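Raw contents of input_37.txt, compact mmCIF, C-alpha atoms:
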```txt
# COMPACT_ATOMS: atom_id res chain seq x y z
CA MET A 30 -22.21 -13.79 17.67
CA ARG A 31 -19.39 -11.25 17.70
CA LYS A 32 -17.80 -8.64 15.46
CA THR A 33 -14.68 -6.48 15.47
CA VAL A 34 -14.80 -3.05 13.80
CA THR A 35 -12.08 -0.41 13.45
CA PHE A 36 -12.68 3.34 13.32
CA GLU A 37 -10.11 6.02 12.48
CA ILE A 38 -10.56 8.86 14.97
CA SER A 39 -10.46 12.29 13.38
CA PHE A 40 -10.16 15.84 14.67
CA GLY A 41 -13.94 16.25 14.31
CA ASP A 42 -14.52 13.43 16.80
CA CYS A 43 -12.66 15.35 19.52
CA ASP A 44 -13.61 18.10 21.96
CA PRO A 45 -11.62 21.34 22.52
CA ALA A 46 -9.26 19.43 24.86
CA GLY A 47 -8.29 17.17 21.93
CA ILE A 48 -9.86 14.01 23.32
CA VAL A 49 -12.81 12.07 21.90
CA PHE A 50 -16.15 13.68 22.77
CA TYR A 51 -17.90 10.96 24.78
CA PRO A 52 -21.17 10.75 22.74
CA ASN A 53 -19.08 9.47 19.83
CA ILE A 54 -18.40 6.32 21.83
CA PHE A 55 -22.13 5.56 21.84
CA ARG A 56 -22.29 6.33 18.10
CA TRP A 57 -19.45 3.87 17.44
CA MET A 58 -21.05 1.23 19.66
CA ASP A 59 -24.27 1.53 17.67
CA ALA A 60 -22.38 1.38 14.35
CA SER A 61 -20.55 -1.76 15.54
CA PHE A 62 -23.84 -3.44 16.43
CA HIS A 63 -25.28 -2.67 13.01
CA SER A 64 -22.09 -3.92 11.36
CA MET A 65 -22.50 -7.20 13.25
CA LEU A 66 -26.03 -7.58 11.84
CA ARG A 67 -24.88 -7.26 8.21
CA VAL A 68 -23.97 -10.96 8.02
CA ALA A 69 -27.69 -11.66 8.50
CA GLY A 70 -28.84 -9.03 6.00
CA GLY A 71 -28.70 -5.95 8.22
CA HIS A 72 -31.13 -4.13 10.48
CA SER A 73 -33.79 -3.36 7.84
CA THR A 74 -33.84 -6.91 6.52
CA LEU A 75 -34.16 -8.36 10.03
CA CYS A 76 -36.96 -5.94 10.91
CA GLU A 77 -38.86 -6.93 7.79
CA LYS A 78 -38.28 -10.65 8.38
CA PHE A 79 -39.51 -10.50 12.01
CA GLY A 80 -42.26 -7.89 11.63
CA SER A 81 -40.43 -5.35 13.74
CA VAL A 82 -40.12 -1.58 13.74
CA GLY A 83 -36.56 -1.84 15.07
CA LEU A 84 -33.97 -3.42 17.32
CA GLY A 85 -34.04 -0.47 19.68
CA LEU A 86 -32.22 0.50 22.82
CA VAL A 87 -33.73 0.33 26.28
CA ASP A 88 -30.44 0.86 28.15
CA ALA A 89 -26.89 1.93 27.31
CA ALA A 90 -23.81 2.50 29.45
CA ALA A 91 -20.10 3.01 29.00
CA GLN A 92 -17.13 3.08 31.31
CA PHE A 93 -14.33 5.35 30.09
CA LYS A 94 -10.92 3.84 30.88
CA ASN A 95 -8.45 5.93 28.87
CA THR A 96 -8.39 8.83 26.43
CA MET A 97 -8.65 8.60 22.67
CA ARG A 98 -7.24 11.27 20.38
CA ASN A 99 -7.09 12.41 16.78
CA ASP A 100 -5.45 9.82 14.48
CA ASP A 101 -5.95 6.92 16.90
CA ALA A 102 -7.24 3.66 15.40
CA LEU A 103 -10.09 2.48 17.64
CA THR A 104 -10.94 -1.21 17.54
CA ILE A 105 -14.31 -2.19 18.99
CA ARG A 106 -15.30 -5.77 19.79
CA VAL A 107 -19.02 -6.34 20.20
CA GLU A 108 -20.62 -9.59 21.23
CA ILE A 109 -23.99 -10.80 22.36
CA ALA A 110 -23.50 -11.32 26.08
CA GLU A 111 -26.98 -12.50 27.03
CA TRP A 112 -30.34 -13.37 25.53
CA SER A 113 -33.54 -13.23 27.53
CA ARG A 114 -37.12 -13.67 26.45
CA ARG A 115 -37.50 -10.07 25.30
CA THR A 116 -34.06 -8.46 25.63
CA LEU A 117 -30.64 -8.87 24.12
CA THR A 118 -27.56 -7.61 26.01
CA LEU A 119 -24.47 -6.57 24.09
CA ALA A 120 -20.96 -6.16 25.51
CA TYR A 121 -18.43 -3.78 23.95
CA THR A 122 -14.70 -3.33 24.42
CA GLY A 123 -12.85 -0.46 22.74
CA GLU A 124 -9.07 -0.56 22.37
CA VAL A 125 -6.35 1.67 20.97
CA ASP A 126 -2.95 0.03 20.45
CA GLY A 127 -3.95 -2.88 22.70
CA THR A 128 -5.03 -0.63 25.58
CA THR A 129 -8.67 -0.76 26.68
CA VAL A 130 -10.09 2.74 26.36
CA PHE A 131 -13.72 1.92 27.16
CA THR A 132 -16.13 -0.88 27.91
CA GLY A 133 -19.84 -0.62 27.29
CA GLN A 134 -23.15 -2.40 27.41
CA GLU A 135 -26.43 -2.06 25.57
CA VAL A 136 -29.78 -3.72 26.14
CA ARG A 137 -31.96 -3.92 23.04
CA CYS A 138 -35.43 -5.20 22.21
CA LEU A 139 -37.11 -6.29 19.00
CA PHE A 140 -39.92 -3.74 18.98
CA LYS A 141 -43.21 -4.61 17.31
CA ARG A 142 -46.27 -2.50 16.64
CA THR A 143 -49.53 -3.73 18.20
CA GLU A 144 -53.05 -2.33 18.47
CA THR A 145 -52.11 -0.80 21.83
CA GLY A 146 -48.70 0.59 20.86
CA ILE A 147 -45.13 -0.58 20.43
CA VAL A 148 -44.00 -3.52 22.59
CA ALA A 149 -40.91 -5.69 22.98
CA GLY A 150 -41.42 -8.90 21.03
CA GLU A 151 -40.22 -12.42 21.65
CA LEU A 152 -36.55 -12.87 20.71
CA ALA A 153 -36.34 -16.66 20.28
CA PRO A 154 -36.95 -16.57 16.49
CA LEU A 155 -34.34 -13.81 16.03
CA ARG A 156 -31.86 -15.68 18.20
CA ASP A 157 -32.30 -18.91 16.24
CA TYR A 158 -31.91 -17.03 12.97
CA LEU A 159 -28.77 -15.13 14.01
CA GLU A 160 -27.17 -18.25 15.53
CA SER A 161 -27.62 -20.04 12.20
CA PHE A 162 -24.88 -17.78 10.79
CA ASN A 163 -22.28 -19.22 13.25
CA VAL A 164 -20.55 -15.88 13.62
```
Would you write out, as structure tokens, the structure that this file holds?
Amino acid sequence: MRKTVTFEISFGDCDPAGIVFYPNIFRWMDASFHSMLRVAGGHSTLCEKFGSVGLGLVDAAAQFKNTMRNDDALTIRVEIAEWSRRTLTLAYTGEVDGTTVFTGQEVRCLFKRTETGIVAGELAPLRDYLESFNV
């Protein structure tokens, strides 16, 4: 499963030096992930279908390769890089005009509420469901 999303960078996305403020990269990664889920009904629909409180983060990282500035068109490619029993790893590549400006990774879990608290649930049913969309 993969998705490509484009964001128009604005002045408000930048720091006083005129380059993108780094937390925005994590915001755009998250938005790209949620955009990818829309083909399957979106985050809320998937949570309801699988009895989950959310597809939440347990780890996130980014490597900043080049600057991004006001008026740049940022294209982000997100794909599911790896499935394990209870985690899903996503890989991100951000580009401006064909130049890689960042790469990133997220590890997410399908969190479920139990009598003892919130735990990471089994991902096999979610994987089968998402793969049925052939995206």
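Atom pair CA of Ile109 in chain A / CA of Arg31 in chain A has a distance of 6.6 Å (rounded to one decimal).
Considering only C-alpha atoms, the residue among A:Glu124, A:Glu111, A:Glu160, A:Glu135 positioned nearest to Phe36 in chain A is A:Glu124.
Among the candidate residues A:Thr116, A:Arg98, A:Phe79, A:Ala89, the one lying nearest to Ile48 in chain A is A:Arg98, with distances computed using all atoms listed in the file.
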Query raised in the report: Quick one, how far is CA of His72 in chain A from CA of Val49 in chain A?
Result: 27.0 Å
Can you build me a table of range 72-100 of chain A residues sitting at most 12 Å from range 50-64 of chain A, with the closest atom pair per residue and its distance in Å to one decimal, using all atoms listed in the file, sorted by chain and residue number, as CSV?
```
residue,atom,partner,partner_atom,distance
A:His72,CA,A:His63,CA,6.5
A:Ser73,CA,A:His63,CA,10.0
A:Thr74,CA,A:His63,CA,11.5
A:Leu75,CA,A:His63,CA,11.0
A:Gly83,CA,A:His63,CA,11.5
A:Leu84,CA,A:His63,CA,9.7
A:Gly85,CA,A:Asp59,CA,10.2
A:Leu86,CA,A:Asp59,CA,9.5
A:Asp88,CA,A:Phe55,CA,11.4
A:Ala89,CA,A:Phe55,CA,8.1
A:Ala90,CA,A:Phe55,CA,8.4
A:Ala91,CA,A:Phe55,CA,7.9
A:Gln92,CA,A:Ile54,CA,10.1
A:Phe93,CA,A:Tyr51,CA,8.5
A:Lys94,CA,A:Tyr51,CA,11.7
A:Asn95,CA,A:Tyr51,CA,11.5
A:Thr96,CA,A:Phe50,CA,9.9
A:Met97,CA,A:Phe50,CA,9.1
A:Arg98,CA,A:Phe50,CA,9.5
A:Asn99,CA,A:Phe50,CA,10.9
```
